[in-house]
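Participant: Below is target.cif; it holds mmCIF, C-alpha atoms and all ligand atoms.
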```
data_run
loop_
_atom_site.label_atom_id
_atom_site.label_comp_id
_atom_site.auth_asym_id
_atom_site.auth_seq_id
_atom_site.Cartn_x
_atom_site.Cartn_y
_atom_site.Cartn_z
CA MET A 1 15.80 -5.48 3.94
CA SER A 2 15.23 -8.62 5.93
CA GLY A 3 14.50 -10.77 2.86
CA ARG A 4 11.70 -10.71 0.34
CA ARG A 5 8.97 -13.32 0.71
CA VAL A 6 6.83 -14.27 -2.26
CA VAL A 7 3.78 -16.13 -0.98
CA VAL A 8 1.34 -17.80 -3.36
CA PHE A 9 -2.27 -18.64 -2.49
CA PRO A 10 -4.63 -20.76 -4.56
CA SER A 11 -6.95 -17.81 -5.09
CA ALA A 12 -7.63 -14.24 -4.00
CA ALA A 13 -10.34 -15.59 -1.70
CA GLU A 14 -7.72 -17.55 0.23
CA LEU A 15 -5.21 -14.72 0.20
CA GLY A 16 -7.62 -12.30 1.90
CA PRO A 17 -7.73 -13.94 5.36
CA ALA A 18 -3.93 -14.35 5.38
CA LEU A 19 -3.55 -10.65 4.60
CA ALA A 20 -5.88 -9.76 7.47
CA HIS A 21 -3.86 -11.94 9.88
CA LEU A 22 -0.67 -10.30 8.70
CA VAL A 23 -2.11 -6.83 9.34
CA ALA A 24 -3.32 -7.89 12.78
CA SER A 25 0.00 -9.47 13.72
CA ARG A 26 2.02 -6.42 12.68
CA ALA A 27 -0.49 -4.25 14.57
CA ASP A 28 -0.01 -6.30 17.75
CA LYS A 29 3.75 -6.06 17.37
CA ALA A 30 3.67 -2.28 16.84
CA LEU A 31 1.28 -1.69 19.73
CA LEU A 32 3.53 -3.66 22.08
CA ASP A 33 6.63 -1.94 20.81
CA HIS A 34 5.52 1.69 20.56
CA GLY A 35 1.85 1.93 21.50
CA ARG A 36 0.51 2.79 18.03
CA PHE A 37 0.09 1.03 14.71
CA SER A 38 0.58 3.08 11.55
CA LEU A 39 -0.91 1.62 8.37
CA GLY A 40 -0.61 2.99 4.84
CA LEU A 41 -3.51 2.08 2.55
CA SER A 42 -3.75 1.87 -1.24
CA GLY A 43 -6.67 1.64 -3.64
CA GLY A 44 -7.50 -1.04 -6.18
CA SER A 45 -8.64 -4.45 -5.01
CA LEU A 46 -7.20 -3.90 -1.54
CA VAL A 47 -10.24 -1.80 -0.64
CA SER A 48 -12.75 -4.61 -0.94
CA MET A 49 -10.36 -7.27 0.37
CA LEU A 50 -9.56 -5.35 3.56
CA SER A 51 -13.17 -4.26 4.00
CA LYS A 52 -14.27 -7.89 3.94
CA GLU A 53 -11.49 -9.46 5.95
CA LEU A 54 -10.47 -6.98 8.67
CA PRO A 55 -13.92 -6.56 10.26
CA ALA A 56 -14.21 -10.36 10.29
CA LEU A 57 -11.24 -10.74 12.62
CA PRO A 58 -12.31 -11.46 16.18
CA ASP A 59 -11.48 -8.78 18.78
CA LEU A 60 -9.77 -6.38 16.37
CA ASP A 61 -9.12 -3.19 18.32
CA CYS A 62 -8.11 -0.30 16.06
CA SER A 63 -8.38 2.43 18.69
CA HIS A 64 -4.63 3.07 18.52
CA TRP A 65 -4.27 2.82 14.76
CA LEU A 66 -3.15 5.60 12.47
CA ALA A 67 -4.29 5.07 8.88
CA GLY A 68 -2.80 7.06 6.02
CA PHE A 69 -2.81 6.71 2.25
CA CYS A 70 0.15 5.60 0.15
CA ASP A 71 -1.34 7.64 -2.66
CA GLU A 72 -4.60 9.41 -3.30
CA ARG A 73 -6.50 10.79 -6.24
CA LEU A 74 -7.23 14.50 -6.09
CA VAL A 75 -11.01 14.29 -6.32
CA PRO A 76 -13.75 15.14 -3.79
CA PHE A 77 -14.32 12.51 -1.11
CA ASN A 78 -17.81 11.81 -2.48
CA ASP A 79 -16.42 11.05 -5.95
CA GLY A 80 -16.36 7.31 -6.70
CA GLU A 81 -12.63 7.66 -7.56
CA SER A 82 -11.65 8.85 -4.06
CA THR A 83 -9.68 6.15 -2.26
CA TYR A 84 -10.50 7.76 1.09
CA GLY A 85 -14.19 7.82 0.13
CA LEU A 86 -14.13 4.11 -0.71
CA TYR A 87 -12.45 3.17 2.57
CA LYS A 88 -14.75 5.47 4.54
CA ASN A 89 -17.84 3.77 3.16
CA GLN A 90 -16.56 0.21 3.09
CA LEU A 91 -14.07 -0.14 5.96
CA PHE A 92 -13.86 2.78 8.37
CA SER A 93 -17.57 2.43 9.11
CA LYS A 94 -16.92 -1.16 10.34
CA ILE A 95 -13.77 -0.84 12.48
CA ASN A 96 -12.94 1.51 15.33
CA ILE A 97 -10.13 3.69 14.02
CA PRO A 98 -10.79 7.08 15.62
CA ASP A 99 -11.40 9.94 13.17
CA SER A 100 -8.24 11.59 14.51
CA GLY A 101 -6.33 8.48 13.46
CA ILE A 102 -7.21 8.83 9.78
CA LEU A 103 -4.84 11.01 7.77
CA ALA A 104 -6.49 12.06 4.53
CA ILE A 105 -5.62 14.64 1.91
CA ASP A 106 -7.48 17.93 1.56
CA PRO A 107 -9.04 17.62 -1.90
CA SER A 108 -10.03 21.32 -1.99
CA LEU A 109 -6.39 22.35 -2.51
CA SER A 110 -4.34 22.55 -5.69
CA VAL A 111 -2.33 19.40 -6.33
CA GLN A 112 0.89 21.12 -5.27
CA GLU A 113 -0.63 22.49 -2.04
CA CYS A 114 -2.36 19.20 -1.38
CA ALA A 115 0.93 17.30 -1.44
CA GLU A 116 2.57 19.86 0.86
CA ASP A 117 -0.40 19.78 3.23
CA TYR A 118 -0.44 15.97 3.33
CA ALA A 119 3.33 15.84 3.92
CA ARG A 120 2.90 18.32 6.80
CA LYS A 121 0.11 16.18 8.33
CA LEU A 122 2.32 13.11 8.09
CA LYS A 123 5.28 14.85 9.68
CA GLU A 124 3.06 16.10 12.53
CA ALA A 125 1.85 12.55 13.08
CA PHE A 126 5.42 11.27 13.32
CA PRO A 127 7.08 14.06 15.34
CA LYS A 128 10.07 11.98 16.41
CA GLU A 129 11.18 11.07 12.88
CA ASP A 130 12.66 13.14 10.04
CA ILE A 131 10.86 10.87 7.59
CA PRO A 132 7.76 9.02 8.85
CA VAL A 133 8.38 5.32 9.40
CA PHE A 134 5.13 3.42 8.85
CA ASP A 135 4.67 0.07 10.58
CA LEU A 136 2.98 -1.37 7.49
CA LEU A 137 2.33 -0.18 3.95
CA LEU A 138 -0.13 -2.08 1.80
CA LEU A 139 0.53 -1.65 -1.91
CA GLY A 140 -0.99 -2.76 -5.18
CA MET A 141 0.68 -2.91 -8.57
CA GLY A 142 -0.82 -1.91 -11.91
CA PRO A 143 -0.28 -3.94 -15.08
CA ASP A 144 2.37 -1.37 -16.11
CA GLY A 145 4.34 -2.00 -12.89
CA HIS A 146 3.26 1.22 -11.15
CA THR A 147 2.75 1.32 -7.43
CA CYS A 148 1.45 4.18 -5.29
CA SER A 149 1.19 6.85 -8.03
CA LEU A 150 4.77 6.17 -9.13
CA PHE A 151 4.58 5.35 -12.82
CA PRO A 152 7.22 3.90 -15.15
CA ASP A 153 9.65 6.45 -16.63
CA HIS A 154 8.16 9.30 -14.60
CA PRO A 155 10.54 11.89 -13.06
CA LEU A 156 8.96 11.25 -9.64
CA LEU A 157 10.82 7.94 -9.51
CA GLU A 158 13.98 9.97 -8.87
CA GLU A 159 12.50 12.16 -6.11
CA THR A 160 14.84 12.23 -3.12
CA GLN A 161 13.76 15.28 -1.09
CA LYS A 162 9.98 15.19 -0.75
CA ILE A 163 8.23 12.49 1.27
CA VAL A 164 4.99 13.14 -0.60
CA ALA A 165 4.88 14.49 -4.13
CA PRO A 166 2.18 15.91 -6.39
CA ILE A 167 1.59 14.40 -9.79
CA GLY A 168 -0.40 16.34 -12.37
CA ASP A 169 0.07 14.08 -15.35
CA SER A 170 -0.79 10.60 -14.10
CA PRO A 171 -0.99 8.25 -17.10
CA LYS A 172 -3.84 6.50 -15.31
CA PRO A 173 -6.82 8.74 -14.62
CA PRO A 174 -7.58 10.78 -12.68
CA PRO A 175 -4.48 12.78 -13.70
CA GLN A 176 -4.02 14.70 -10.45
CA ARG A 177 -2.83 12.72 -7.46
CA VAL A 178 -0.49 12.84 -4.48
CA THR A 179 1.83 10.01 -3.67
CA MET A 180 4.33 8.84 -1.12
CA THR A 181 7.80 8.72 -2.68
CA PHE A 182 10.42 5.97 -2.49
CA PRO A 183 12.40 7.63 0.33
CA MET A 184 9.40 7.19 2.63
CA VAL A 185 8.08 3.91 1.23
CA ASN A 186 11.44 2.22 1.63
CA LEU A 187 11.75 3.23 5.29
CA ALA A 188 8.62 1.31 6.33
CA ARG A 189 8.98 -1.53 8.82
CA CYS A 190 6.95 -3.81 6.60
CA VAL A 191 5.67 -3.49 3.02
CA VAL A 192 3.09 -5.88 1.61
CA PHE A 193 2.13 -6.02 -2.05
CA VAL A 194 -1.10 -7.74 -3.00
CA SER A 195 -1.45 -8.72 -6.63
CA THR A 196 -3.94 -11.19 -8.05
CA GLY A 197 -5.26 -12.40 -11.36
CA GLY A 198 -3.74 -13.73 -14.56
CA SER A 199 -3.42 -10.25 -16.10
CA LYS A 200 -0.64 -9.53 -13.59
CA ALA A 201 1.46 -12.58 -14.53
CA PRO A 202 3.77 -10.92 -17.13
CA VAL A 203 4.52 -7.84 -15.07
CA LEU A 204 5.01 -9.90 -11.90
CA LYS A 205 7.61 -11.96 -13.70
CA GLN A 206 9.42 -8.82 -14.76
CA VAL A 207 9.24 -7.19 -11.32
CA LEU A 208 10.19 -10.26 -9.30
CA GLU A 209 12.64 -11.94 -11.65
CA GLY A 210 14.05 -8.93 -13.51
CA GLY A 211 14.41 -8.32 -17.18
CA GLU A 212 15.81 -5.88 -19.64
CA GLY A 213 15.49 -2.15 -19.15
CA PRO A 214 15.14 0.00 -16.05
CA ALA A 215 13.49 -1.51 -12.98
CA LEU A 216 9.76 -0.94 -12.88
CA PRO A 217 8.45 1.18 -9.99
CA ALA A 218 7.18 -1.81 -7.99
CA ALA A 219 10.62 -3.43 -8.25
CA ARG A 220 12.13 -0.34 -6.66
CA VAL A 221 10.25 -0.95 -3.43
CA VAL A 222 13.03 -2.46 -1.36
CA PRO A 223 12.67 -1.55 2.33
CA SER A 224 16.08 -0.62 3.69
CA HIS A 225 15.47 -2.30 7.06
CA GLY A 226 11.95 -3.69 6.86
CA GLU A 227 10.17 -6.77 5.65
CA LEU A 228 8.86 -7.13 2.10
CA PHE A 229 6.02 -9.50 1.19
CA TRP A 230 4.44 -10.21 -2.15
CA LEU A 231 1.10 -11.93 -1.61
CA ILE A 232 -0.16 -13.25 -4.93
CA ASP A 233 -2.51 -15.90 -6.25
CA GLU A 234 -1.78 -18.84 -8.56
CA PRO A 235 -2.99 -17.08 -11.76
CA ALA A 236 -0.68 -14.13 -11.07
CA ALA A 237 2.20 -16.52 -10.26
CA ALA A 238 1.73 -18.51 -13.49
CA SER A 239 4.94 -17.31 -15.21
CA LEU A 240 7.27 -17.31 -12.19
CA THR A 241 10.21 -19.65 -11.94
CA LEU A 242 11.66 -18.30 -8.69
CA GLN A 243 11.18 -20.15 -5.45
CA VAL A 244 7.96 -19.16 -3.68
CA GLU A 245 6.13 -20.15 -0.50
CA ARG A 246 2.82 -21.99 -0.79
CA PRO A 247 1.60 -22.03 2.79
CA GLY A 248 -2.10 -22.83 2.27
CA SER A 249 -5.05 -20.76 3.26
CA ALA A 250 -4.48 -20.77 7.02
CA ALA A 251 -1.11 -19.06 6.57
CA LYS A 252 0.19 -17.03 9.51
CA LEU A 253 2.90 -14.81 8.06
O1 LIG B 1 -4.68 4.61 -7.94
C1 LIG B 1 -5.02 3.79 -8.75
O2 LIG B 1 -5.25 4.06 -9.92
C2 LIG B 1 -5.19 2.37 -8.30
O3 LIG B 1 -5.39 2.34 -6.94
C3 LIG B 1 -4.04 1.50 -8.72
O4 LIG B 1 -2.80 2.05 -8.41
C4 LIG B 1 -4.18 0.09 -8.16
O5 LIG B 1 -3.84 0.08 -6.80
C5 LIG B 1 -3.32 -0.87 -8.90
O6 LIG B 1 -3.59 -0.77 -10.26
C6 LIG B 1 -3.53 -2.28 -8.42
O7 LIG B 1 -4.83 -2.64 -8.65
P1 LIG B 1 -5.43 -4.04 -8.19
O8 LIG B 1 -5.35 -4.06 -6.70
O9 LIG B 1 -6.83 -4.00 -8.65
O10 LIG B 1 -4.58 -5.07 -8.79
#
```
Will you turn the file into structure tokens for me?
Facilitator:
Amino acid sequence: MSGRRVVVFPSAAELGPALAHLVASRADKALLDHGRFSLGLSGGSLVSMLSKELPALPDLDCSHWLAGFCDERLVPFNDGESTYGLYKNQLFSKINIPDSGILAIDPSLSVQECAEDYARKLKEAFPKEDIPVFDLLLLGMGPDGHTCSLFPDHPLLEETQKIVAPIGDSPKPPPQRVTMTFPMVNLARCVVFVSTGGSKAPVLKQVLEGGEGPALPAARVVPSHGELFWLIDEPAAASLTLQVERPGSAAKL
């Protein structure tokens, strides 16, 4: 890892534009380097933040983007719980990622088959790599410290073979999901967590500063060669004592 950066913004409203600039800058870098930008999306508040901020960037060209999902809920696309469905309605309709550049699950399959099918799609999209290396993964963290659909104390935390795994007993509904596993997450060139609001303060302290007991899932995201950012707001940072960056709203990360 090339060093973790914890960056604190006064509010979520000021974090949003900085996140969009970060996405755009890593996209530019990837396009120059290898002609394509691969982006892994997550649900939660990222959906509305990205849907507001990315289309607002001037001259954003997503025609060579590949968008996948760090995890997905096994529900039909027209179900309000579908992460793909939310992004389709709120973001994909506003930016020019080609349909062929969006890698979604097949929600008609069983959870086991769905994970295998999604892993196959990912491998086909990254033919030169044994394990797909995403340019950027955007992650959220639940109040229990979960990220993707990797939940505390779940056996999937120890998965070492599969790049995508099924989960049939998610403690957070809906119970059936597919998720990237740590072996793939930790190979990404850049991982960015976004976490805001005072309810996240206790778990952020535990994840970023450590504590007793096994590391929470979000703390186990440690890219082996890539960058790691935690973009948080002041309420979420309230309990932290570690050194953080406070770059202001015009931050270029
Ligand atoms: O799949 C899910 O159930 C959610 O997407 C969930 O994992 C969410 O990403 C986190 O709880 C962070 O949520 P916030 O972005 O709202 O903090």
Participant: Considering all atoms listed in the file, return as a short mmCIF file (atom, residue, chain, number, x, y, z; two decimals) with C-alpha atoms, in the coordinates of the input whatever protein or nucleic-acid residues lie within 8 Å of A:Asp71, sequence-local ones (same chain, fewer than 3 positions apart) excluded.
Facilitator:
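Output file result_38.cif is given in full below:
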```cif
data_model
loop_
_atom_site.label_atom_id
_atom_site.label_comp_id
_atom_site.auth_asym_id
_atom_site.auth_seq_id
_atom_site.Cartn_x
_atom_site.Cartn_y
_atom_site.Cartn_z
CA LEU A 41 -3.51 2.08 2.55
CA SER A 42 -3.75 1.87 -1.24
CA CYS A 148 1.45 4.18 -5.29
CA SER A 149 1.19 6.85 -8.03
CA ARG A 177 -2.83 12.72 -7.46
CA VAL A 178 -0.49 12.84 -4.48
CA THR A 179 1.83 10.01 -3.67
CA MET A 180 4.33 8.84 -1.12
#
```
Participant: Per residue of chain A within 9 Å of ligand LIG 1 (chain B), which atom pair is closest and at what distance in Å (one decimal), using all atoms listed in the file, listed by chain and increasing number, as CSV?
Facilitator:
```
residue,atom,partner,partner_atom,distance
A:Ser42,CA,B:LIG1,O5,5.8
A:Gly43,CA,B:LIG1,O3,3.6
A:Gly44,CA,B:LIG1,O8,3.7
A:Ser45,CA,B:LIG1,O8,3.7
A:Leu46,CA,B:LIG1,O8,5.5
A:Val47,CA,B:LIG1,O8,8.1
A:Asp71,CA,B:LIG1,O1,6.9
A:Glu72,CA,B:LIG1,O1,6.7
A:Arg73,CA,B:LIG1,O1,6.7
A:Glu81,CA,B:LIG1,O1,8.5
A:Thr83,CA,B:LIG1,O3,7.4
A:Leu139,CA,B:LIG1,O5,6.8
A:Gly140,CA,B:LIG1,C6,4.1
A:Met141,CA,B:LIG1,C6,4.3
A:Gly142,CA,B:LIG1,O6,3.4
A:Pro143,CA,B:LIG1,O6,6.7
A:Asp144,CA,B:LIG1,O6,8.4
A:Gly145,CA,B:LIG1,O6,8.4
A:His146,CA,B:LIG1,O4,6.7
A:Thr147,CA,B:LIG1,O4,5.7
A:Cys148,CA,B:LIG1,O4,5.7
A:Ser149,CA,B:LIG1,O4,6.3
A:Leu150,CA,B:LIG1,O4,8.6
A:Ser170,CA,B:LIG1,O2,9.0
A:Lys172,CA,B:LIG1,O2,6.1
A:Pro173,CA,B:LIG1,O2,6.8
A:Pro174,CA,B:LIG1,O2,7.6
A:Arg177,CA,B:LIG1,O1,8.3
A:Val194,CA,B:LIG1,O8,6.7
A:Ser195,CA,B:LIG1,O10,5.3
A:Thr196,CA,B:LIG1,O10,6.2
A:Gly197,CA,B:LIG1,O10,7.8
A:Lys200,CA,B:LIG1,O10,7.6
```
Participant: Store the residues picked out above in a file with C-alpha atoms, as a PDB file, in the frame of the given file.
Facilitator:
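Below you can see result10.pdb, which holds the result:
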```
ATOM      1  CA  SER A  42      -3.750   1.870  -1.240  1.00  0.00           C
ATOM      2  CA  GLY A  43      -6.670   1.640  -3.640  1.00  0.00           C
ATOM      3  CA  GLY A  44      -7.500  -1.040  -6.180  1.00  0.00           C
ATOM      4  CA  SER A  45      -8.640  -4.450  -5.010  1.00  0.00           C
ATOM      5  CA  LEU A  46      -7.200  -3.900  -1.540  1.00  0.00           C
ATOM      6  CA  VAL A  47     -10.240  -1.800  -0.640  1.00  0.00           C
ATOM      7  CA  ASP A  71      -1.340   7.640  -2.660  1.00  0.00           C
ATOM      8  CA  GLU A  72      -4.600   9.410  -3.300  1.00  0.00           C
ATOM      9  CA  ARG A  73      -6.500  10.790  -6.240  1.00  0.00           C
ATOM     10  CA  GLU A  81     -12.630   7.660  -7.560  1.00  0.00           C
ATOM     11  CA  THR A  83      -9.680   6.150  -2.260  1.00  0.00           C
ATOM     12  CA  LEU A 139       0.530  -1.650  -1.910  1.00  0.00           C
ATOM     13  CA  GLY A 140      -0.990  -2.760  -5.180  1.00  0.00           C
ATOM     14  CA  MET A 141       0.680  -2.910  -8.570  1.00  0.00           C
ATOM     15  CA  GLY A 142      -0.820  -1.910 -11.910  1.00  0.00           C
ATOM     16  CA  PRO A 143      -0.280  -3.940 -15.080  1.00  0.00           C
ATOM     17  CA  ASP A 144       2.370  -1.370 -16.110  1.00  0.00           C
ATOM     18  CA  GLY A 145       4.340  -2.000 -12.890  1.00  0.00           C
ATOM     19  CA  HIS A 146       3.260   1.220 -11.150  1.00  0.00           C
ATOM     20  CA  THR A 147       2.750   1.320  -7.430  1.00  0.00           C
ATOM     21  CA  CYS A 148       1.450   4.180  -5.290  1.00  0.00           C
ATOM     22  CA  SER A 149       1.190   6.850  -8.030  1.00  0.00           C
ATOM     23  CA  LEU A 150       4.770   6.170  -9.130  1.00  0.00           C
ATOM     24  CA  SER A 170      -0.790  10.600 -14.100  1.00  0.00           C
ATOM     25  CA  LYS A 172      -3.840   6.500 -15.310  1.00  0.00           C
ATOM     26  CA  PRO A 173      -6.820   8.740 -14.620  1.00  0.00           C
ATOM     27  CA  PRO A 174      -7.580  10.780 -12.680  1.00  0.00           C
ATOM     28  CA  ARG A 177      -2.830  12.720  -7.460  1.00  0.00           C
ATOM     29  CA  VAL A 194      -1.100  -7.740  -3.000  1.00  0.00           C
ATOM     30  CA  SER A 195      -1.450  -8.720  -6.630  1.00  0.00           C
ATOM     31  CA  THR A 196      -3.940 -11.190  -8.050  1.00  0.00           C
ATOM     32  CA  GLY A 197      -5.260 -12.400 -11.360  1.00  0.00           C
ATOM     33  CA  LYS A 200      -0.640  -9.530 -13.590  1.00  0.00           C
TER      34      LYS A 200
END
```
Participant: Could you name the residues that touch A:Ala20 at 10 Å or less, counting only C-alpha atoms, but leaving out those on the same chain fewer than 3 positions away, as a compact mmCIF listing (two decimals) with C-alpha atoms, keeping the file's coordinate frame?
Facilitator:
```txt
# COMPACT_ATOMS: atom_id res chain seq x y z
CA LEU A 15 -5.21 -14.72 0.20
CA GLY A 16 -7.62 -12.30 1.90
CA PRO A 17 -7.73 -13.94 5.36
CA VAL A 23 -2.11 -6.83 9.34
CA ALA A 24 -3.32 -7.89 12.78
CA SER A 25 0.00 -9.47 13.72
CA MET A 49 -10.36 -7.27 0.37
CA LEU A 50 -9.56 -5.35 3.56
CA SER A 51 -13.17 -4.26 4.00
CA LYS A 52 -14.27 -7.89 3.94
CA GLU A 53 -11.49 -9.46 5.95
CA LEU A 54 -10.47 -6.98 8.67
CA PRO A 55 -13.92 -6.56 10.26
CA ALA A 56 -14.21 -10.36 10.29
CA LEU A 57 -11.24 -10.74 12.62
CA LYS A 252 0.19 -17.03 9.51
```
Participant: Here is a test: counting all atoms listed in the file, which residue of A:Gly168, A:Gly80, A:Gly3, A:Pro202 is nearest to A:Ser224?
Facilitator: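 Checking each of A:Gly168, A:Gly80, A:Gly3, A:Pro202 against A:Ser224, counting all atoms listed in the file, the winner is A:Gly3.
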Participant: Could you please give me, as a short mmCIF file (atom, residue, chain, number, x, y, z; two decimals) with C-alpha atoms, keeping the file's coordinate frame, the residues of protein, DNA or RNA lying at most 7 Å from (1.7, -1.8, 9.6) in the coordinate frame of the file, considering all atoms listed in the file?
Facilitator:
```
data_model
loop_
_atom_site.label_atom_id
_atom_site.label_comp_id
_atom_site.auth_asym_id
_atom_site.auth_seq_id
_atom_site.Cartn_x
_atom_site.Cartn_y
_atom_site.Cartn_z
CA VAL A 23 -2.11 -6.83 9.34
CA ARG A 26 2.02 -6.42 12.68
CA ALA A 27 -0.49 -4.25 14.57
CA PHE A 37 0.09 1.03 14.71
CA SER A 38 0.58 3.08 11.55
CA LEU A 39 -0.91 1.62 8.37
CA PHE A 134 5.13 3.42 8.85
CA ASP A 135 4.67 0.07 10.58
CA LEU A 136 2.98 -1.37 7.49
CA LEU A 137 2.33 -0.18 3.95
CA CYS A 190 6.95 -3.81 6.60
#
```
Participant: I want to know what sits within 6 Å of A:Pro166, based on all atoms listed in the file, with residues of the same chain fewer than 3 positions away left out; could you give that as a PDB file with C-alpha atoms, in the coordinates of the input?
Facilitator:
```pdb
ATOM      1  CA  VAL A 111      -2.330  19.400  -6.330  1.00  0.00           C
ATOM      2  CA  GLN A 112       0.890  21.120  -5.270  1.00  0.00           C
ATOM      3  CA  ALA A 115       0.930  17.300  -1.440  1.00  0.00           C
ATOM      4  CA  VAL A 178      -0.490  12.840  -4.480  1.00  0.00           C
TER       5      VAL A 178
END
```
Participant: What does the distance between atom CA of A:Met184 and atom CA of A:Leu86 come to in Å, to one decimal place?
Facilitator: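 Computing it gives 24.0 Å between the two atoms.
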Participant: Would you kindly return, as a PyMOL selection string, each protein, DNA or RNA residue with an atom no farther than 10 Å from any atom of A:Ser63, considering only C-alpha atoms and excluding same-chain residues fewer than 4 positions away?
Facilitator: chain A and resi 36-37+95-99+101
Participant: Report, in Å with one decimal, the straight-line distance from atom CA of A:Pro217 to atom CA of A:Gln176.
Facilitator: 18.4 Å
Participant: Using only C-alpha atoms, which protein or nucleic acid residues come within 12 Å of A:Leu253? Drop anything in the same chain fewer than 2 positions from it, and give the result as a list in words.
Facilitator: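 Once the nearby chain positions are removed, what remains is Arg5, Val6, Val7, Val8, Leu15, Pro17, Ala18, Leu19, Ala20, His21, Leu22, Val23, Ala24, Ser25, Arg26, Cys190, Val192, Glu227, Leu228, Phe229, Trp230, Leu231, Glu245, Arg246, Pro247, Gly248, Ser249, Ala250 and Ala251 of chain A.
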Participant: What does the structure give for the distance between atom CA of A:Gly226 and atom CA of A:Asp153, in Å to one decimal?
Facilitator: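 Value for the atom CA of A:Gly226-atom CA of A:Asp153 distance: 25.7 Å.
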Participant: Between A:Val207, A:Cys70, A:Ile232, A:Leu242, which residue has the minimum interatomic distance to A:Val185, considering all atoms listed in the file?
Facilitator: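 Ranked by minimum distance to A:Val185, first place goes to A:Cys70.
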Participant: Pick out the closest residue to A:Gly68 from this set: A:Pro10, A:Pro127, A:Pro132, A:Pro152. Count only C-alpha atoms.
Facilitator: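 When distances to A:Gly68 are compared using only C-alpha atoms, the smallest one comes from A:Pro132.
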Participant: Up to 9 Å from (7.1, 9.1, 9.4) in the file's coordinates: name the residues, counting all atoms listed in the file, as an MDAnalysis selection string.
Facilitator: chainID A and resid 122:134 163 184 187:188
